[in-house]
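start06.cif follows (mmCIF, C-alpha atoms):
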data_data
#
loop_
_atom_site.group_PDB
_atom_site.id
_atom_site.type_symbol
_atom_site.label_atom_id
_atom_site.label_comp_id
_atom_site.auth_asym_id
_atom_site.auth_seq_id
_atom_site.Cartn_x
_atom_site.Cartn_y
_atom_site.Cartn_z
ATOM 1 C CA MET Y 1222 -11.005 -27.334 -16.785
ATOM 2 C CA MET Y 1223 -8.085 -25.454 -15.314
ATOM 3 C CA ASN Y 1224 -6.691 -26.866 -12.085
ATOM 4 C CA CYS Y 1225 -6.520 -25.055 -8.744
ATOM 5 C CA LYS Y 1226 -2.820 -24.315 -9.025
ATOM 6 C CA GLN Y 1227 -3.299 -22.628 -12.383
ATOM 7 C CA ALA Y 1228 -6.246 -20.723 -10.957
ATOM 8 C CA THR Y 1229 -4.171 -19.306 -8.065
ATOM 9 C CA ARG Y 1230 -1.565 -18.118 -10.537
ATOM 10 C CA LEU Y 1231 -4.203 -16.359 -12.660
ATOM 11 C CA MET Y 1232 -5.803 -14.739 -9.613
ATOM 12 C CA SER Y 1233 -2.450 -13.185 -8.776
ATOM 13 C CA GLU Y 1234 -1.810 -12.163 -12.400
ATOM 14 C CA ALA Y 1235 -5.182 -10.422 -12.411
ATOM 15 C CA GLN Y 1236 -3.688 -7.961 -9.915
ATOM 16 C CA GLU Y 1237 -0.915 -7.150 -12.382
ATOM 17 C CA ARG Y 1238 -2.536 -7.127 -15.787
ATOM 18 C CA LYS Y 1239 -5.871 -7.377 -17.534
ATOM 19 C CA LEU Y 1240 -6.540 -11.070 -18.159
ATOM 20 C CA GLU Y 1241 -7.290 -12.320 -21.668
ATOM 21 C CA ILE Y 1242 -10.935 -13.114 -22.260
ATOM 22 C CA THR Y 1243 -10.266 -16.876 -22.356
ATOM 23 C CA GLU Y 1244 -8.361 -16.638 -19.072
ATOM 24 C CA ARG Y 1245 -11.185 -14.658 -17.488
ATOM 25 C CA LEU Y 1246 -13.812 -17.144 -18.634
ATOM 26 C CA GLY Y 1247 -11.778 -20.154 -17.536
ATOM 27 C CA LEU Y 1248 -11.125 -18.620 -14.142
ATOM 28 C CA GLY Y 1249 -14.774 -17.616 -13.762
ATOM 29 C CA VAL Y 1250 -15.951 -21.172 -14.396
ATOM 30 C CA HIS Y 1251 -13.368 -22.557 -12.012
ATOM 31 C CA LEU Y 1252 -14.282 -20.113 -9.235
ATOM 32 C CA ALA Y 1253 -17.962 -20.916 -9.592
ATOM 33 C CA LEU Y 1254 -17.224 -24.579 -8.929
ATOM 34 C CA CYS Y 1255 -14.354 -24.531 -6.444
ATOM 35 C CA THR Y 1256 -14.841 -23.384 -2.834
ATOM 36 C CA GLY Y 1257 -11.127 -23.473 -2.032
ATOM 37 C CA CYS Y 1258 -10.206 -21.181 -4.919
ATOM 38 C CA ASN Y 1259 -13.145 -18.951 -4.135
ATOM 39 C CA ASN Y 1260 -11.788 -18.515 -0.611
ATOM 40 C CA TYR Y 1261 -8.293 -17.948 -2.012
ATOM 41 C CA HIS Y 1262 -9.684 -15.254 -4.285
ATOM 42 C CA ARG Y 1263 -11.283 -13.382 -1.391
ATOM 43 C CA GLN Y 1264 -8.127 -13.818 0.664
ATOM 44 C CA LEU Y 1265 -6.015 -12.174 -2.047
ATOM 45 C CA GLN Y 1266 -8.414 -9.252 -2.102
ATOM 46 C CA LEU Y 1267 -8.202 -8.949 1.667
ATOM 47 C CA LEU Y 1268 -4.414 -9.099 1.460
ATOM 48 C CA ARG Y 1269 -4.343 -6.196 -0.974
ATOM 49 C CA GLN Y 1270 -6.764 -4.233 1.185
ATOM 50 C CA ALA Y 1271 -4.656 -4.935 4.273
ATOM 51 C CA CYS Y 1272 -1.519 -3.617 2.533
ATOM 52 C CA HIS Y 1273 -3.414 -0.489 1.583
ATOM 53 C CA ILE Y 1274 -4.677 0.090 5.123
ATOM 54 C CA HIS Y 1275 -1.247 -0.629 6.594
ATOM 55 C CA ARG Y 1276 0.308 1.964 4.310
ATOM 56 C CA GLU Y 1277 -2.298 4.520 5.336
ATOM 57 C CA GLN Y 1278 -1.593 3.890 8.999
ATOM 58 C CA PHE Y 1279 1.822 5.474 8.606
ATOM 59 C CA ASN Y 1280 0.602 8.398 6.593
ATOM 60 C CA PRO Y 1281 -3.176 8.799 6.351
ATOM 61 C CA ALA Y 1282 -4.444 10.118 3.025
ATOM 62 C CA GLN Y 1283 -6.039 13.527 3.271
ATOM 63 C CA PRO Y 1284 -9.199 13.799 1.194
ATOM 64 C CA ASP Y 1285 -9.297 17.574 1.728
ATOM 65 C CA THR Y 1286 -5.866 18.006 0.139
ATOM 66 C CA SER Y 1287 -6.358 15.508 -2.654
ATOM 67 C CA GLU Y 1288 -5.830 18.180 -5.279
ATOM 68 C CA VAL Y 1289 -2.480 19.117 -3.840
ATOM 69 C CA GLN Y 1290 0.405 17.138 -5.244
ATOM 70 C CA PRO Y 1291 3.256 16.351 -2.857
ATOM 71 C CA GLY Y 1292 5.708 19.209 -3.085
ATOM 72 C CA GLN Y 1293 3.232 21.553 -4.708
ATOM 73 C CA LYS Y 1294 3.276 25.031 -3.212
ATOM 74 C CA LEU Y 1295 0.134 26.513 -1.739
ATOM 75 C CA GLU Y 1296 -0.513 30.217 -1.980
ATOM 76 C CA MET D 603 -6.656 25.878 8.157
ATOM 77 C CA PRO D 604 -3.364 27.448 9.347
ATOM 78 C CA ALA D 605 -0.409 27.115 7.041
ATOM 79 C CA ALA D 606 2.126 24.533 8.160
ATOM 80 C CA THR D 607 5.829 24.845 7.533
ATOM 81 C CA ILE D 608 8.569 22.354 8.037
ATOM 82 C CA ASP D 609 10.737 22.688 11.147
ATOM 83 C CA ASN D 610 12.680 20.465 13.530
ATOM 84 C CA ARG D 611 9.732 20.047 15.846
ATOM 85 C CA PHE D 612 7.536 18.773 13.022
ATOM 86 C CA VAL D 613 10.233 16.399 11.777
ATOM 87 C CA SER D 614 10.698 14.871 15.215
ATOM 88 C CA SER D 615 6.934 14.461 15.602
ATOM 89 C CA VAL D 616 6.697 12.281 12.469
ATOM 90 C CA ARG D 617 10.046 10.549 12.941
ATOM 91 C CA GLN D 618 8.638 7.399 14.552
ATOM 92 C CA ASP D 619 6.167 6.836 11.720
ATOM 93 C CA MET D 620 8.880 7.453 9.145
ATOM 94 C CA LEU D 621 11.238 5.025 10.841
ATOM 95 C CA ALA D 622 8.601 2.321 11.155
ATOM 96 C CA PHE D 623 7.711 2.692 7.474
ATOM 97 C CA ALA D 624 11.365 2.661 6.354
ATOM 98 C CA ARG D 625 12.167 -0.389 8.509
ATOM 99 C CA LEU D 626 9.237 -2.286 7.066
ATOM 100 C CA GLN D 627 10.437 -1.599 3.518
ATOM 101 C CA LEU D 628 14.176 -1.945 3.986
ATOM 102 C CA ARG D 629 14.352 -4.597 6.747
ATOM 103 C CA ASP D 630 17.502 -3.000 8.060
ATOM 104 C CA SER D 631 17.457 -0.592 11.014
ATOM 105 C CA GLU D 632 20.632 1.225 10.054
ATOM 106 C CA LEU D 633 19.596 1.745 6.441
ATOM 107 C CA ALA D 634 16.182 2.902 7.664
ATOM 108 C CA GLU D 635 17.797 5.433 10.044
ATOM 109 C CA ASP D 636 19.926 6.763 7.194
ATOM 110 C CA ALA D 637 16.961 7.055 4.833
ATOM 111 C CA VAL D 638 14.894 8.926 7.442
ATOM 112 C CA GLN D 639 17.832 11.188 8.253
ATOM 113 C CA GLU D 640 18.402 12.052 4.602
ATOM 114 C CA ALA D 641 14.712 12.603 3.951
ATOM 115 C CA SER D 642 14.403 14.852 7.010
ATOM 116 C CA THR D 643 17.406 16.923 5.985
ATOM 117 C CA ALA D 644 16.076 17.279 2.448
ATOM 118 C CA ALA D 645 12.652 18.259 3.794
ATOM 119 C CA LEU D 646 14.115 20.882 6.131
ATOM 120 C CA HIS D 647 15.821 22.472 3.150
ATOM 121 C CA GLY D 648 12.523 22.735 1.297
ATOM 122 C CA GLU D 649 10.606 25.952 1.716
ATOM 123 C CA GLN D 650 7.132 24.625 1.048
ATOM 124 C CA ARG D 651 4.088 25.790 2.923
ATOM 125 C CA PHE D 652 1.122 23.463 3.196
ATOM 126 C CA SER D 653 -2.497 23.751 4.117
ATOM 127 C CA GLY D 654 -2.013 21.731 7.284
ATOM 128 C CA GLN D 655 0.133 19.272 9.171
ATOM 129 C CA ALA D 656 -1.329 16.296 7.317
ATOM 130 C CA ALA D 657 -0.420 17.659 3.901
ATOM 131 C CA LEU D 658 3.045 18.461 5.211
ATOM 132 C CA LYS D 659 3.433 14.893 6.452
ATOM 133 C CA THR D 660 2.393 13.538 3.058
ATOM 134 C CA TRP D 661 5.061 15.661 1.438
ATOM 135 C CA VAL D 662 7.784 14.491 3.847
ATOM 136 C CA PHE D 663 6.684 10.898 3.297
ATOM 137 C CA GLY D 664 6.949 11.467 -0.455
ATOM 138 C CA ILE D 665 10.600 12.416 0.006
ATOM 139 C CA LEU D 666 11.194 9.391 2.232
ATOM 140 C CA LYS D 667 9.607 7.080 -0.356
ATOM 141 C CA HIS D 668 12.049 8.361 -2.993
ATOM 142 C CA LYS D 669 14.988 7.571 -0.717
ATOM 143 C CA ILE D 670 13.609 4.108 0.016
ATOM 144 C CA VAL D 671 13.050 3.361 -3.656
ATOM 145 C CA ASP D 672 16.641 4.385 -4.465
ATOM 146 C CA LEU D 673 17.921 1.989 -1.830
ATOM 147 C CA LEU D 674 15.633 -0.844 -2.944
ATOM 148 C CA ARG D 675 16.813 -0.392 -6.526
ATOM 149 C CA GLN D 676 20.438 -0.565 -5.431
ATOM 150 C CA GLN D 677 19.712 -3.742 -3.475
ATOM 151 C CA GLY D 678 17.793 -5.156 -6.419
ATOM 152 C CA ARG D 679 20.514 -4.433 -8.931
ATOM 153 C CA SER D 680 23.101 -6.273 -6.855
ATOM 154 C CA THR D 681 20.802 -9.296 -6.456
ATOM 155 C CA PRO D 682 21.509 -12.149 -8.888
ATOM 156 C CA ILE D 683 18.509 -13.914 -10.402
ATOM 157 C CA SER D 684 19.688 -17.087 -8.635
ATOM 158 C CA ALA D 685 18.777 -15.476 -5.294
ATOM 159 C CA TYR D 686 15.129 -15.243 -6.380
ATOM 160 C CA VAL D 687 15.231 -18.795 -7.679
ATOM 161 C CA GLU D 688 16.564 -20.073 -4.362
ATOM 162 C CA GLU D 689 13.824 -18.313 -2.402
ATOM 163 C CA GLY D 690 11.306 -19.545 -4.921
ATOM 164 C CA GLU D 691 12.257 -23.165 -4.468
ATOM 165 C CA SER D 692 11.631 -23.039 -0.755
ATOM 166 C CA LEU D 693 8.344 -21.118 -1.103
ATOM 167 C CA ASP D 694 7.116 -23.318 -3.958
ATOM 168 C CA GLY D 695 7.875 -26.422 -1.912
ATOM 169 C CA LYS D 696 5.508 -25.274 0.809
ATOM 170 C CA PHE D 697 2.854 -24.141 -1.641
ATOM 171 C CA ASP D 698 3.001 -27.352 -3.678
ATOM 172 C CA SER D 699 2.380 -29.407 -0.563
ATOM 173 C CA LEU D 700 -1.140 -27.930 -0.402
ATOM 174 C CA PHE D 701 -2.068 -29.651 -3.673
ATOM 175 C CA LYS D 702 -2.792 -33.208 -4.737
ATOM 176 C CA GLU D 703 -0.995 -34.775 -7.710
ATOM 177 C CA ASN D 704 -3.662 -33.435 -10.070
ATOM 178 C CA ALA D 705 -2.938 -29.854 -8.845
ATOM 179 C CA HIS D 706 -6.273 -29.484 -7.077
ATOM 180 C CA TRP D 707 -6.336 -28.660 -3.344
ATOM 181 C CA HIS D 708 -5.808 -31.357 -0.755
ATOM 182 C CA PRO D 709 -9.132 -31.336 1.097
ATOM 183 C CA ALA D 710 -7.353 -30.689 4.407
ATOM 184 C CA ALA D 711 -5.214 -27.860 2.989
ATOM 185 C CA ALA D 712 -7.779 -26.024 0.850
ATOM 186 C CA PRO D 713 -8.066 -22.299 1.650
ATOM 187 C CA ARG D 714 -10.635 -21.660 4.358
ATOM 188 C CA ASP D 715 -13.384 -19.115 4.650
ATOM 189 C CA TRP D 716 -11.932 -16.189 6.601
ATOM 190 C CA GLY D 717 -15.330 -14.754 7.366
ATOM 191 C CA ASN D 718 -16.145 -11.085 7.190
ATOM 192 C CA PRO D 719 -13.091 -9.170 5.912
ATOM 193 C CA GLU D 720 -14.143 -5.930 7.610
ATOM 194 C CA ALA D 721 -14.214 -7.716 10.945
ATOM 195 C CA ALA D 722 -10.808 -9.284 10.297
ATOM 196 C CA LEU D 723 -9.272 -5.910 9.538
ATOM 197 C CA ARG D 724 -10.543 -4.534 12.842
ATOM 198 C CA GLU D 725 -8.879 -7.332 14.815
ATOM 199 C CA LYS D 726 -5.656 -6.423 16.580
ATOM 200 C CA HIS D 727 -4.429 -9.994 16.340
ATOM 201 C CA PHE D 728 -4.841 -9.985 12.556
ATOM 202 C CA TRP D 729 -2.416 -7.071 12.281
ATOM 203 C CA ALA D 730 0.118 -8.647 14.618
ATOM 204 C CA VAL D 731 0.154 -11.786 12.455
ATOM 205 C CA PHE D 732 0.200 -9.692 9.269
ATOM 206 C CA ASP D 733 3.374 -7.920 10.438
ATOM 207 C CA ALA D 734 4.959 -11.197 11.465
ATOM 208 C CA CYS D 735 4.115 -12.781 8.103
ATOM 209 C CA LEU D 736 5.600 -9.858 6.174
ATOM 210 C CA SER D 737 8.791 -10.086 8.191
ATOM 211 C CA VAL D 738 9.335 -13.800 7.467
ATOM 212 C CA LEU D 739 8.860 -13.398 3.725
ATOM 213 C CA PRO D 740 12.302 -13.989 2.125
ATOM 214 C CA ALA D 741 14.076 -10.663 1.547
ATOM 215 C CA ASN D 742 14.264 -10.534 -2.258
ATOM 216 C CA THR D 743 10.728 -11.761 -2.771
ATOM 217 C CA ALA D 744 9.561 -9.271 -0.139
ATOM 218 C CA ARG D 745 11.306 -6.379 -1.911
ATOM 219 C CA VAL D 746 9.304 -6.987 -5.084
ATOM 220 C CA PHE D 747 6.068 -7.326 -3.107
ATOM 221 C CA MET D 748 6.713 -4.171 -1.079
ATOM 222 C CA MET D 749 7.437 -2.127 -4.180
ATOM 223 C CA ARG D 750 4.164 -3.334 -5.647
ATOM 224 C CA GLU D 751 1.816 -3.086 -2.682
ATOM 225 C CA PHE D 752 3.383 -0.506 -0.386
ATOM 226 C CA LEU D 753 5.203 1.825 -2.755
ATOM 227 C CA GLU D 754 2.511 1.398 -5.409
ATOM 228 C CA PHE D 755 4.674 0.831 -8.455
ATOM 229 C CA GLU D 756 3.330 -0.698 -11.638
ATOM 230 C CA THR D 757 4.706 -4.178 -12.146
ATOM 231 C CA ALA D 758 6.534 -3.265 -15.358
ATOM 232 C CA GLU D 759 8.357 -0.467 -13.538
ATOM 233 C CA ILE D 760 9.465 -2.791 -10.746
ATOM 234 C CA CYS D 761 10.760 -5.437 -13.127
ATOM 235 C CA SER D 762 12.788 -3.000 -15.190
ATOM 236 C CA SER D 763 14.256 -1.168 -12.214
ATOM 237 C CA LEU D 764 15.256 -4.447 -10.545
ATOM 238 C CA GLY D 765 16.449 -5.969 -13.800
ATOM 239 C CA ILE D 766 14.077 -8.959 -13.858
ATOM 240 C CA SER D 767 11.768 -10.086 -16.637
ATOM 241 C CA ASN D 768 8.033 -9.405 -16.558
ATOM 242 C CA SER D 769 7.113 -13.040 -16.232
ATOM 243 C CA ASN D 770 9.631 -13.570 -13.423
ATOM 244 C CA CYS D 771 8.150 -10.564 -11.684
ATOM 245 C CA HIS D 772 4.668 -12.068 -11.912
ATOM 246 C CA VAL D 773 5.865 -15.381 -10.548
ATOM 247 C CA ILE D 774 7.630 -13.670 -7.636
ATOM 248 C CA LEU D 775 4.489 -11.684 -6.761
ATOM 249 C CA HIS D 776 2.338 -14.795 -7.000
ATOM 250 C CA ARG D 777 4.702 -16.587 -4.610
ATOM 251 C CA ALA D 778 4.689 -13.678 -2.187
ATOM 252 C CA ARG D 779 0.888 -13.567 -2.107
ATOM 253 C CA ALA D 780 0.590 -17.328 -1.776
ATOM 254 C CA ALA D 781 3.075 -17.324 1.108
ATOM 255 C CA LEU D 782 1.448 -14.396 2.893
ATOM 256 C CA ARG D 783 -2.070 -15.738 2.665
ATOM 257 C CA GLY D 784 -0.846 -19.174 3.823
ATOM 258 C CA CYS D 785 0.976 -17.590 6.750
ATOM 259 C CA LEU D 786 -2.118 -15.550 7.683
ATOM 260 C CA GLU D 787 -4.336 -18.602 7.535
ATOM 261 C CA GLN D 788 -1.977 -20.568 9.805
ATOM 262 C CA GLY D 789 -1.089 -17.826 12.234
ATOM 263 C CA TRP D 790 -4.343 -15.962 12.459
ATOM 264 C CA LEU D 791 -7.328 -18.091 11.453
ATOM 265 C CA LEU D 792 -6.251 -21.595 12.486
ATOM 266 C CA ALA D 793 -4.283 -20.512 15.569
ATOM 267 C CA GLY D 794 -7.306 -18.424 16.599
ATOM 268 C CA GLU D 795 -9.604 -21.431 16.243
ATOM 269 C CA LYS D 796 -7.354 -23.529 18.437
ATOM 270 C CA ASN D 797 -7.355 -20.903 21.178
ATOM 271 C CA ARG D 798 -11.101 -20.547 21.191
#
Reformat the file's structure so that it appears as structure tokens.
Amino acid sequence: MMNCKQATRLMSEAQERKLEITERLGLGVHLALCTGCNNYHRQLQLLRQACHIHREQFNPAQPDTSEVQPGQKLE
Amino acid sequence: MPAATIDNRFVSSVRQDMLAFARLQLRDSELAEDAVQEASTAALHGEQRFSGQAALKTWVFGILKHKIVDLLRQQGRSTPISAYVEEGESLDGKFDSLFKENAHWHPAAAPRDWGNPEAALREKHFWAVFDACLSVLPANTARVFMMREFLEFETAEICSSLGISNSNCHVILHRARAALRGCLEQGWLLAGEKNR
């Protein structure tokens, strides 16, 4: 079984690239059995969400102008 | 919705947000001032009309992001790989101490349950610690993380524009996340438990 350190590395990689099927399976088994890594996994997701929210705090996204690209002229 | 156009009054109304964003990315007040100044000047020369103040702000922020990215690239290009390695050694040292010899968590150091994430994100204290944790992340590691999570670049784009290999990029991001989540756990969750 993969160890916790390897699992943390894969959880981060999963935010950069699509994991290989063997990596996904190995990580899935590990997460099912390991509370610490399970918590780590949810923490990484929260971290990403926090970055997203923080970014929006400076410049909230506007759903009503979502079709307008920055710099695009409106008639 | 009334059309919004760019003018000095609008620029000064969004200046604080622009400065705060630029400082967070660049970690240098003077550079941040310059970036905001340049972005404002460029925006004032644009003749765009937008469907509201919010859309206008998004456009001005788009210009600011370009300036920030240029500066981050310059910083990145003059950073030798050894600088990342040095930061990595110190971050890895801390991270490794959480594990036993067999690379499984020390029972006392294993990541904790942070509870309901929605509730965490509504807590003022969480955000104070989050800011503090971002600011203590070593500068070169932080630059890669910021480009990924705040400027929303694909990893491959970051690596090539900073002149580092893909696998180095992944390692740097992994370290940044490990350090940030460790810092949040210490400063927010565990410190909060002690105060309760």
Long-range neighbours of Glu1237 in chain Y as number ranges by chain, 12 Å cut-off, all atoms listed in the file, 2 positions minimum in chain: Y: 1230-1235, 1239-1240, 1269; D: 747, 750-751, 754-761, 768-769, 771-776
Ala645 in chain D environment, 9 Å, all atoms listed in the file, sequence neighbours closer than 4 positions dropped, as number ranges by chain: D: 608-609, 613, 640-641, 649-650, 661-662, 665
The selected residues should be written to file as a PDB file, in the frame of the given file (atoms: C-alpha atoms).
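Once everything was written out, this is out_5.pdb:
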ATOM      1  CA  ILE D 608       8.569  22.354   8.037  1.00  0.00           C
ATOM      2  CA  ASP D 609      10.737  22.688  11.147  1.00  0.00           C
ATOM      3  CA  VAL D 613      10.233  16.399  11.777  1.00  0.00           C
ATOM      4  CA  GLU D 640      18.402  12.052   4.602  1.00  0.00           C
ATOM      5  CA  ALA D 641      14.712  12.603   3.951  1.00  0.00           C
ATOM      6  CA  GLU D 649      10.606  25.952   1.716  1.00  0.00           C
ATOM      7  CA  GLN D 650       7.132  24.625   1.048  1.00  0.00           C
ATOM      8  CA  TRP D 661       5.061  15.661   1.438  1.00  0.00           C
ATOM      9  CA  VAL D 662       7.784  14.491   3.847  1.00  0.00           C
ATOM     10  CA  ILE D 665      10.600  12.416   0.006  1.00  0.00           C
TER      11      ILE D 665
END
Resolved residues for the PyMOL selection byres ((chain D and resi 681) around 12) as a list in words: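 Taken over the shown coordinates, the PyMOL selection byres ((chain D and resi 681) around 12) returns Leu674, Arg675, Gln676, Gln677, Gly678, Arg679, Ser680, Pro682, Ile683, Ser684, Ala685, Tyr686, Val687, Glu688, Ala741, Asn742, Thr743, Arg745, Val746, Ser763, Leu764, Gly765 and Ile766 of chain D.
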Within 12 Å of range 724-726 of chain D using all atoms listed in the file, minus same-chain residues under 5 positions, as a list in words: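 Selected residues are Ala1271, Ile1274 and His1275 of chain Y; Asn718, Pro719, Val731, Phe732, Asp733, Trp790, Leu791 and Gly794 of chain D.
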Test item: the PyMOL selection byres ((chain D) within 8 of (chain Y)) resolved as a ChimeraX atom specification: /D:619-620,622-623,650-653,656-657,659-661,663-664,701,704-707,712-716,719,723,751-752,756-757,772-773,775-776,779,783
CA of Gly1247 in chain Y to CA of Glu703 in chain D, distance in Å rounded to a single decimal: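 The value is 20.7 Å.
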Straight-line distance linking CA of Asp636 in chain D with CA of Gly648 in chain D, stated in Å to one decimal: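 Separating CA of Asp636 in chain D from CA of Gly648 in chain D is a distance of 18.6 Å.
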Å distance separating CA of Glu632 in chain D from CA of Val738 in chain D, one decimal place: 19.0 Å
Residue nearest Phe728 in chain D among D:Leu673, D:Leu666, D:Ala711, D:Ala793 (counting all atoms listed in the file): D:Ala793
Nearest to Ser614 in chain D by atom-to-atom distance, counting all atoms listed in the file, from D:Leu628, D:Asp672, D:Gly690, D:Val638: D:Val638
